[in-house]
Every structure is written in C-alpha cells, then in structure tokens.
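One structure is given below, encoded as structure tokens.
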Amino acid sequence: MKRLSPRRLLVVVLTALGLVCAGLSAGAGRAAAASTFPNVVVPAPVSETADGTTFTLPANATLSSDDANTGGYLAGVLRASTGYVLPLTVGATSPGTIALSLTGAPATVGAEGYQLTVSTSGVLIQAQQAAGLFHGVQTLLQLLPGAVMSPGVQPGPWTVPGGTILDYPRFGYRGAMLDIARHFFSVAQVERYIDELALYKVNYLHLHLSDDQGWRIAVNSWPNLATYGGSTEVGGGAGGYWTQADYSAVVAYAASRYLTVVPEIDMPGHTNAALASYAQLNCSGTAPALYTGTNVGFSSLCVSLPLTYTFVDQVLGEIAALTPGPYLHIGGDEASSTPASDYSTFIGKAEQIVAAHGKSVMGWHDITNAGTPPAGAQAQFWGTTTSAPTVAAAAANGTKVVMSPANHAYLDMKYNRKTRLGQTWAGLVDVNTAYGWDPGNYLTGVTGSEVAGVEGPLWTETIVTSADIEYMAFPRLPALAELGWSPWSTHDQTAFDARLGAQGPRWKAMGVNYYHSTQITWPAGS
Ligand code: TNX
C-alpha cells in the first residue's frame with residue numbers, strides 16, 4: 001500500500017473526523033453535541049444532565065442566598081481564591097449570579113438534597129432546607145477548578161459545565177468518628193477535620209470522648225475525670241480535655257457545616273481513666289494507675305455498685321444537656337473484663353438512663369448481645385465478618401444498623417504493610433477495599449431499610465497530629481462518604497477512582513496531607 005505523506009494523512013484524518021461529527025450532530029437532531037458532566041464529583045450525584053455549555057464566573061459576580069450561613073460559607077471560599085468582591089445578599093428578591101434558593105426545589109430532594117442548575121448566565125441551587133443548599137454548594141465547588149479551594153488568590157478562569165444535577169442521599173446517617181481519647185486533639189484540630197468532612201456531605205461527627213487512656217470532657221459533677229483522668233494519653237504525653245464550652249463550640253461549628261455531633265462515653269469497659277480518677281467507682285475501692293499503653297479489655301465499671309448508676313446518670317445528663325443531636329453513644333465494646341450477665345445488666349440500665357435524658361441510644365454492635373435495644377436505638381457494626389446474628393435479630397426488632405465493618409471502614413487500618421501509621425488487626429485497607437462493599441447488602445439478614453448508614457471510625461493509638469488524621473482519612477473517607485450518599489446504581493470502581501483522583505488538586509490547594517494511593521491516578525502536580 002502506498003505510504004501517505006504526513007500532510008496528506010492529516011487531511012484524510014480530518015475529513016474522516018468531519019464525517020463522523022456530521023453524522024453525530026444529525027443523529028442528535030442538531031442539539032448541542034452529546035455532552036456529559038465531567039466525572040469529578042464525590043459522592044457521585046443521583047442524576048446529571050449536561051447541556052454542552054459552560055458558565056464562567058465574572059469578576060463582578062454577585063451572590064444571593066436564602067440562608068445566611070451557607071451563603072457566607074460559599075462567599076468565604078470563593079472570595080479567598082478568586083479575589084472577587086462577590087457581594088452577598090441574604091433573602092434577596094432578585095437572584096445573584098450564584099443564587100441559593102429555598103424555593104422551587106423538587107420534593108424528591110428531601111431534607112438534604114438539592115437541584116443545581118448551571119446556565120450561561122449563572123448558577124442556581126435550590127433545596128428544601130439549608131443543609132441541601134450546603135450540599136449543593138459542595139457540588140458546585142467540585143465542578144470548579146481545584147484551585148478554588150486555595151486560601152490565597154489564584155488566576156482562574158472559574159468555569160463550570162452547564163446543565164442540571166438532581167441529588168439526594170441514599171442513607172440518612174453518613175458519619176465519621178474521631179477518637180480524641182487515645183491521643184488528645186484540640187478544638188481547632190477537630191474543626192479542621194469537620195471542614196474536610198463537610199466537603200463529602202458527611203452529616204454526623206461521632207466523638208469518642210473517653211477511654212482507658214484519657215477522659216476528654218469536663219463533667220461538673222465529677223471534676224477529676226477531666227483534670228486527672230484527662231492528664232495523659234497513649235505514650236505518656238500530657239493529654240488534655242475540653243471544657244464544656246469547648247465541646248459546645250465544636251457542636252456549634254459542626255452544625256454550621258450541617259454535621260450533628262454524637263458524643264460517646266465508652267462503658268462499661270474502656271473506663272480506666274474514670275476508675276483512676278475516683279477510687280469509689282471501683283469494686284475494690286482502690287483506684288488503678290493512669291494507663292498509657294494500647295491494650296483493650298482490661299477495665300470495667302463496677303456493675304453491682306449503686307454509685308455506678310449515679311455516675312452514669314450524672315455524666316450522661318450533663319452531656320445530653322450540651323448535645324442538640326438525638327444520639328448518645330454508650331460504647332459497650334470489648335468489655336471482656338465484665339461478665340456477660342453483668343454486661344447485660346449494665347447495658348440495660350445505661351439504655352434506660354439515655355432514654356431518661358431524652359436521647360436515643362447508640363452503641364457498638366456488642367450491645368446487641370445484651371438483649372434487644374430500646375426503640376430508636378442504633379447499633380454500630382464493627383466486625384470483620386458478614387454474619388452477626390445478634391445484630392440481625394436486633395435489626396428485625398427495629399434497631400437501625402450503622403455500618404463500620406473494620407476490614408473496609410476502619411480509617412486506622414494501614415493502607416499497605418509499609419504504612420507508617422495505623423494497625424493491621426482487621427487487615428490492610430486501601431482505597432478499593434474501602435469502596436468495594438455495599439452497606440445496604442452486607443450483613444446476612446440485615447436489609448437495606450434496616451441500615452441507617454455508614455461511618456468511618458478513626459482510632460488514634462498511633463495518630464498524633466492533624467497531618468496524621470488527614471493521611472489516614474484521605475483518600476478513604478470520601479470512599480465511605482460515597483457509599484453513604486450515592487445510589488448503588490452509580491457504584492463503579494473505575495469511575496470512582498477517576499472521581500477520587502480529581503480531588504487531589506483540591507487537597508493540594510487546601511494543604512491536606514493525603515495518602516497518594518497507587519490505586520489512583522493523581523493529576524500532575526497534586
Ligand atoms: C477496636 S472497634 C476498638 C478500639 C480500638 C480499635 C483499634 C472497637 C469498637 N474497639 O478500642 O481503638 O480496635 O483499631
């Protein structure tokens with residue numbers, strides 16, 4: 001066959017391309033060329049319809065919002081990176097270039113969903129409630145270049161693909177847990193984590209406030225818990241504790257990002273810090289020493305002692321009064337120093353105390369060994385099997401299940417054998433393992449409607465700094481967040497890995513210390 005010169009080859013290729021394009025547009029009835037939204041949003045939205053146009057934010061753009069908090073949040077992010085003035089009007093009658101509206105959203109979006117419309121003249125986000133506007137704002141930010149997350153002015157242009165997104169969550173509970181007991185973390189550190197969680201539409205922050213190694217919240221009726229029980233941590237460092245005002249500040253900050261705080265006081269095991277603080281809480285009457293190691297299962301509240309229930313009532317009473325959210329988490333895990341019948345007695349009484357303070361109980365799934373939890377309870381599955389008969393029995397009796405299978409959802413597991421931080425008892429958990437399971441169809445005998453949602457717990461035996469938190473949570477936390485939010489019909493590992501890669505430049509812009517998993521193609525420079 002005769003060889004074509006490069007120039008001739010170009011002509012042939014261009015002609016062929018032109019024919020193909022002509023065929024395409026004829027087939028599409030001269031509508032805009034078939035276009036799709038870029039595959040960049042995590043969690044994947046319910047539905048997207050691209051129209052092939054784009055919208056670029058002009059320097060004189062304006063913002064309007066029916067909700068001051070969410071409008072202020074968006075203005076803060078955009079002003080910092082674009083350098084534009086972006087005047088914000090709250091409750092305006094005429095929409096801004098970007099408008100956040102609490103009217104006109106389809107009913108299907110529910111309490112947390114939204115509809116996002118990008119036209120050639122601007123952006124409209126509509127929701128039924130402020131949380132939905134906030135989630136729509138997160139999607140908008142992910143459609144903008146990653147540099148939009150930078151705290152300093154960047155060049156732009158700030159262009160968004162045109163079309164409509166309709167989106168709402170699969171599950172109502174999409175959580176992250178942080179253990180501030182094994183190592184203490186400050187209010188500012190937890191607020192930084194809240195900001196990072198909010199990017200992925202996480203709506204519950206579970207705080208593990210007490211363990212053998214430290215008690216981290218001031219309780220007025222039992223002051224030594226914090227001042228003595230909070231005075232150390234794993235490895236023997238100084239530890240620390242939050243005042244009640246600190247805790248309230250975190251609750252309020254979380255609420256400003258539409259996360260509800262679930263406080264956990266772990267009982268009857270994991271209580272050495274409390275037992276060390278008050279000799280009279282011990283069956284022996286003698287206080288053990290403070291503990292700075294990493295063993296579990298050696299401590300127990302004294303189940304036969306009446307004072308134990310005064311303690312539980314007063315501690316949970318003070319925390320309930322500071323907590324607007326519906327749940328108090330009583331732990332209940334790994335109580336291997338508590339005889340089984342004592343365990344059942346204790347959990348039954350603790351559940352009644354939670355109810356007496358007007359809250360619903362949440363506990364690690366071990367609480368389902370103590371009989372059927374009360375109405376409104378949630379059991380958090382942390383096992384490594386797909387069969388848990390007592391959890392299935394509780395679910396059949398109305399207990400909702402929060403899914404945190406340790407071999408998929410534990411953010412303190414190592415990614416691979418070389419990971420410096422973390423543990424391996426539940427296995428190695430890289431991104432595709434964190435993503436590769438269906439929370440609604442995982443435990444034998446637990447159906448999708450019995451599942452409240454998903455949570456990623458981060459235990460901190462080996463985690464000391466905010467950089468450590470970020471390294472373990474990112475990029476796995478967004479995988480869990482997608483399992484909690486996106487319809488199962490969108491589940492596709494290859495597509496997810498591409499969406500996740502698109503987050504790299506955002507984390508780079510924000511200074512998030514993420515793990516560059518080799519399972520993901522990260523864009524150059526991120
Ligand atoms: C098990 S999972 C625990 C924690 C540890 C964690 C370490 C669970 C409910 N309890 O006490 O910190 O393993 O991965």
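Starting from 1 in every chain, residues are counted up; chains themselves are A, B, ... following the order of the structure tokens, and ligands are numbered from 1 as listed.
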Residues of chain A within 7 Å of ligand 1: nearest atom pair and distance (Å, one decimal) for each, counting only C-alpha atoms and all ligand atoms, sorted by chain and number, as a tab-separated table?
residue	atom	partner	partner_atom_place_in_ligand_line	distance
A:Val296	CA	ligand 1	11 (O)	6.2
A:Asp333	CA	ligand 1	9 (C)	4.9
A:Glu334	CA	ligand 1	10 (N)	6.3
A:Trp364	CA	ligand 1	9 (C)	5.7
A:Trp382	CA	ligand 1	2 (S)	5.8
A:Asp412	CA	ligand 1	14 (O)	6.0
A:Met413	CA	ligand 1	14 (O)	6.8
A:Gln423	CA	ligand 1	14 (O)	6.2
A:Trp459	CA	ligand 1	12 (O)	4.8
A:Thr460	CA	ligand 1	12 (O)	6.8
A:Glu461	CA	ligand 1	12 (O)	6.5
Tyr193 (chain A) environment, 9 Å, only C-alpha atoms, sequence neighbours closer than 4 positions dropped, as a PyMOL selection string: chain A and resi 188-189+197-198+466+469-470
Considering only strand (DSSP E) as DSSP defines it on the backbone, what residues of region 289-373 of chain A qualify? List them as a list of chain:residue names. A:Tyr327, A:Leu328, A:His329, A:Ile330, A:Gly331, A:Ser360, A:Val361, A:Met362, A:Gly363, A:Trp364
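Restricting the calculation to only C-alpha atoms, the smallest distance between Phe474 (chain A) and any of A:Val251, A:Val123, A:Leu500, A:Ala495 is found for A:Leu500.
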Long-range neighbours of Ala409 (chain A) as a VMD selection string, 9 Å cut-off, only C-alpha atoms, 6 positions minimum in chain: chain A and resid 382 403 429 433 to 435 454 to 457 476 to 477 480
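Among the candidates A:Leu322, A:Met177, A:Leu225, A:Phe185, the one nearest to Gln244 (chain A) when counting only C-alpha atoms is A:Leu322.
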So that I can see what lies close to Ser304 (chain A), please list as an MDAnalysis selection string the residues with an atom at most 10 Å from it, counting only C-alpha atoms and leaving out residues fewer than 2 positions away in the same chain. chainID A and resid 283 301:302 306:309 342 345:346
Those same residues, written as an mmCIF file, in the first residue's frame with all heavy atoms?
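This is the output file selection-v3.cif:
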data_model
loop_
_atom_site.group_PDB
_atom_site.id
_atom_site.type_symbol
_atom_site.label_atom_id
_atom_site.label_comp_id
_atom_site.auth_asym_id
_atom_site.auth_seq_id
_atom_site.Cartn_x
_atom_site.Cartn_y
_atom_site.Cartn_z
ATOM 1 N N CYS A 283 -14.935 -1.630 92.295
ATOM 2 C CA CYS A 283 -15.459 -2.658 93.208
ATOM 3 C C CYS A 283 -14.517 -2.822 94.408
ATOM 4 O O CYS A 283 -14.957 -3.065 95.522
ATOM 5 C CB CYS A 283 -15.603 -3.994 92.485
ATOM 6 S SG CYS A 283 -16.965 -4.073 91.301
ATOM 7 N N LEU A 301 -16.375 -0.785 84.679
ATOM 8 C CA LEU A 301 -17.125 -0.167 85.769
ATOM 9 C C LEU A 301 -17.656 -1.284 86.655
ATOM 10 O O LEU A 301 -17.811 -2.426 86.226
ATOM 11 C CB LEU A 301 -18.284 0.671 85.208
ATOM 12 C CG LEU A 301 -17.895 1.961 84.469
ATOM 13 C CD1 LEU A 301 -19.135 2.605 83.857
ATOM 14 C CD2 LEU A 301 -17.162 2.950 85.389
ATOM 15 N N CYS A 302 -17.957 -0.949 87.925
ATOM 16 C CA CYS A 302 -18.424 -1.940 88.894
ATOM 17 C C CYS A 302 -19.946 -2.052 88.792
ATOM 18 O O CYS A 302 -20.682 -1.176 89.244
ATOM 19 C CB CYS A 302 -17.989 -1.515 90.305
ATOM 20 S SG CYS A 302 -18.376 -2.762 91.539
ATOM 21 N N PRO A 306 -24.246 0.653 93.373
ATOM 22 C CA PRO A 306 -25.258 1.679 93.040
ATOM 23 C C PRO A 306 -24.640 2.995 92.551
ATOM 24 O O PRO A 306 -25.186 3.640 91.648
ATOM 25 C CB PRO A 306 -26.004 1.881 94.373
ATOM 26 C CG PRO A 306 -25.817 0.588 95.111
ATOM 27 C CD PRO A 306 -24.453 0.080 94.719
ATOM 28 N N LEU A 307 -23.483 3.362 93.107
ATOM 29 C CA LEU A 307 -22.857 4.628 92.709
ATOM 30 C C LEU A 307 -22.527 4.663 91.204
ATOM 31 O O LEU A 307 -22.522 5.739 90.587
ATOM 32 C CB LEU A 307 -21.560 4.859 93.519
ATOM 33 C CG LEU A 307 -20.860 6.205 93.273
ATOM 34 C CD1 LEU A 307 -21.708 7.374 93.769
ATOM 35 C CD2 LEU A 307 -19.476 6.234 93.941
ATOM 36 N N THR A 308 -22.298 3.489 90.629
ATOM 37 C CA THR A 308 -22.004 3.424 89.188
ATOM 38 C C THR A 308 -23.119 4.092 88.381
ATOM 39 O O THR A 308 -22.869 4.818 87.416
ATOM 40 C CB THR A 308 -21.834 1.951 88.756
ATOM 41 O OG1 THR A 308 -20.665 1.439 89.399
ATOM 42 C CG2 THR A 308 -21.686 1.797 87.252
ATOM 43 N N TYR A 309 -24.369 3.885 88.796
ATOM 44 C CA TYR A 309 -25.507 4.405 88.015
ATOM 45 C C TYR A 309 -25.754 5.878 88.313
ATOM 46 O O TYR A 309 -26.280 6.604 87.454
ATOM 47 C CB TYR A 309 -26.735 3.503 88.218
ATOM 48 C CG TYR A 309 -26.308 2.096 87.850
ATOM 49 C CD1 TYR A 309 -25.943 1.175 88.853
ATOM 50 C CD2 TYR A 309 -26.114 1.738 86.522
ATOM 51 C CE1 TYR A 309 -25.440 -0.070 88.519
ATOM 52 C CE2 TYR A 309 -25.601 0.489 86.182
ATOM 53 C CZ TYR A 309 -25.267 -0.410 87.181
ATOM 54 O OH TYR A 309 -24.743 -1.624 86.844
ATOM 55 N N ASP A 342 -23.408 -9.472 83.897
ATOM 56 C CA ASP A 342 -23.202 -8.093 84.352
ATOM 57 C C ASP A 342 -23.299 -7.126 83.177
ATOM 58 O O ASP A 342 -23.845 -6.029 83.289
ATOM 59 C CB ASP A 342 -21.803 -7.933 84.975
ATOM 60 C CG ASP A 342 -21.762 -8.406 86.430
ATOM 61 O OD1 ASP A 342 -22.775 -8.971 86.892
ATOM 62 O OD2 ASP A 342 -20.709 -8.217 87.074
ATOM 63 N N THR A 345 -26.856 -6.510 82.349
ATOM 64 C CA THR A 345 -27.457 -5.646 83.376
ATOM 65 C C THR A 345 -27.039 -4.202 83.152
ATOM 66 O O THR A 345 -27.867 -3.280 83.150
ATOM 67 C CB THR A 345 -26.970 -6.092 84.781
ATOM 68 O OG1 THR A 345 -27.306 -7.463 84.949
ATOM 69 C CG2 THR A 345 -27.571 -5.236 85.879
ATOM 70 N N PHE A 346 -25.760 -4.011 82.949
ATOM 71 C CA PHE A 346 -25.238 -2.647 82.811
ATOM 72 C C PHE A 346 -25.807 -1.962 81.583
ATOM 73 O O PHE A 346 -26.289 -0.820 81.636
ATOM 74 C CB PHE A 346 -23.702 -2.645 82.748
ATOM 75 C CG PHE A 346 -23.172 -1.261 82.548
ATOM 76 C CD1 PHE A 346 -22.955 -0.431 83.643
ATOM 77 C CD2 PHE A 346 -22.959 -0.754 81.272
ATOM 78 C CE1 PHE A 346 -22.523 0.882 83.464
ATOM 79 C CE2 PHE A 346 -22.526 0.545 81.087
ATOM 80 C CZ PHE A 346 -22.306 1.356 82.186
#
Contacts of Gly422 (chain A) within 10 Å, only C-alpha atoms, excl. fewer than 2 positions in-chain, as an MDAnalysis selection string: chainID A and resid 410:415 419:420 424:425 428 458:463 468 472
Find the residues around region 351-361 of chain A up to 8 Å (only C-alpha atoms counted), leave out those fewer than 5 positions away in its own chain, and share them as a ChimeraX atom specification. /A:312-313,316-317,320,326-330,373-378
Restrict the selected residues to N, CA and C atoms and save them as a PDB file, in the first residue's frame.
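Saved as selection10.pdb:
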ATOM      1  N   VAL A 312     -23.163   7.283  85.911  1.00  0.00           N
ATOM      2  CA  VAL A 312     -23.613   7.232  84.512  1.00  0.00           C
ATOM      3  C   VAL A 312     -24.705   8.280  84.278  1.00  0.00           C
ATOM      4  N   ASP A 313     -25.630   8.392  85.228  1.00  0.00           N
ATOM      5  CA  ASP A 313     -26.734   9.332  85.075  1.00  0.00           C
ATOM      6  C   ASP A 313     -26.233  10.777  85.049  1.00  0.00           C
ATOM      7  N   LEU A 316     -23.954  11.360  81.752  1.00  0.00           N
ATOM      8  CA  LEU A 316     -24.765  11.425  80.531  1.00  0.00           C
ATOM      9  C   LEU A 316     -25.744  12.595  80.593  1.00  0.00           C
ATOM     10  N   GLY A 317     -26.209  12.930  81.800  1.00  0.00           N
ATOM     11  CA  GLY A 317     -27.127  14.066  81.946  1.00  0.00           C
ATOM     12  C   GLY A 317     -26.453  15.372  81.520  1.00  0.00           C
ATOM     13  N   ALA A 320     -25.872  15.186  77.710  1.00  0.00           N
ATOM     14  CA  ALA A 320     -27.140  15.312  76.975  1.00  0.00           C
ATOM     15  C   ALA A 320     -27.574  16.771  76.912  1.00  0.00           C
ATOM     16  N   PRO A 326     -29.727  13.851  68.385  1.00  0.00           N
ATOM     17  CA  PRO A 326     -30.613  12.867  69.016  1.00  0.00           C
ATOM     18  C   PRO A 326     -29.906  11.722  69.739  1.00  0.00           C
ATOM     19  N   TYR A 327     -28.610  11.494  69.482  1.00  0.00           N
ATOM     20  CA  TYR A 327     -27.959  10.270  69.976  1.00  0.00           C
ATOM     21  C   TYR A 327     -26.932  10.522  71.071  1.00  0.00           C
ATOM     22  N   LEU A 328     -26.923   9.605  72.050  1.00  0.00           N
ATOM     23  CA  LEU A 328     -25.796   9.458  72.978  1.00  0.00           C
ATOM     24  C   LEU A 328     -25.233   8.066  72.735  1.00  0.00           C
ATOM     25  N   HIS A 329     -23.926   7.995  72.489  1.00  0.00           N
ATOM     26  CA  HIS A 329     -23.266   6.708  72.207  1.00  0.00           C
ATOM     27  C   HIS A 329     -22.656   6.214  73.517  1.00  0.00           C
ATOM     28  N   ILE A 330     -23.038   5.013  73.926  1.00  0.00           N
ATOM     29  CA  ILE A 330     -22.549   4.482  75.209  1.00  0.00           C
ATOM     30  C   ILE A 330     -21.423   3.465  75.026  1.00  0.00           C
ATOM     31  N   PRO A 373     -32.134  -3.767  72.009  1.00  0.00           N
ATOM     32  CA  PRO A 373     -32.043  -2.358  72.419  1.00  0.00           C
ATOM     33  C   PRO A 373     -33.418  -1.686  72.360  1.00  0.00           C
ATOM     34  N   PRO A 374     -33.573  -0.569  73.068  1.00  0.00           N
ATOM     35  CA  PRO A 374     -34.871   0.124  73.087  1.00  0.00           C
ATOM     36  C   PRO A 374     -35.197   0.770  71.739  1.00  0.00           C
ATOM     37  N   ALA A 375     -36.447   1.204  71.612  1.00  0.00           N
ATOM     38  CA  ALA A 375     -36.888   1.856  70.375  1.00  0.00           C
ATOM     39  C   ALA A 375     -35.987   3.047  70.070  1.00  0.00           C
ATOM     40  N   GLY A 376     -35.668   3.207  68.790  1.00  0.00           N
ATOM     41  CA  GLY A 376     -34.855   4.356  68.361  1.00  0.00           C
ATOM     42  C   GLY A 376     -33.366   4.109  68.443  1.00  0.00           C
ATOM     43  N   ALA A 377     -32.949   2.915  68.910  1.00  0.00           N
ATOM     44  CA  ALA A 377     -31.517   2.646  69.085  1.00  0.00           C
ATOM     45  C   ALA A 377     -30.822   2.414  67.752  1.00  0.00           C
ATOM     46  N   GLN A 378     -29.518   2.678  67.752  1.00  0.00           N
ATOM     47  CA  GLN A 378     -28.673   2.340  66.610  1.00  0.00           C
ATOM     48  C   GLN A 378     -27.487   1.522  67.106  1.00  0.00           C
TER      49      GLN A 378
END
Using only C-alpha atoms, which protein or nucleic acid residues come within 7 Å of Ser47 (chain A)? Drop anything in the same chain fewer than 5 positions from it, and give the result as a PyMOL selection string. chain A and resi 165-167
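Rounded to one decimal, CA of Phe311 (chain A) and CA of Pro288 (chain A) lie 17.6 Å from each other.
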If you take only C-alpha atoms and a cut-off of 6 Å, which residues of region 155-194 of chain A touch region 203-211 of chain A, and what are their nearest atom pairs and distances in Å to one decimal, in chain and number order, as a Markdown table?
| residue | atom | partner | partner_atom | distance |
| --- | --- | --- | --- | --- |
| A:Arg174 | CA | A:Asn203 | CA | 5.5 |
| A:Gly175 | CA | A:Tyr204 | CA | 4.4 |
| A:Ala176 | CA | A:Leu205 | CA | 5.3 |
| A:Met177 | CA | A:His206 | CA | 4.4 |
| A:Leu178 | CA | A:Leu207 | CA | 5.3 |
| A:Asp179 | CA | A:His208 | CA | 4.6 |
| A:Ile180 | CA | A:Leu209 | CA | 5.9 |
| A:Ala181 | CA | A:Ser210 | CA | 5.3 |
Using only C-alpha atoms, which residue out of A:Val109, A:Ala147, A:Ala388, A:Val190 lies closest to Ser81 (chain A)? A:Ala147
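You will find CA of Asn224 (chain A) at 9.3 Å from CA of Ala276 (chain A).
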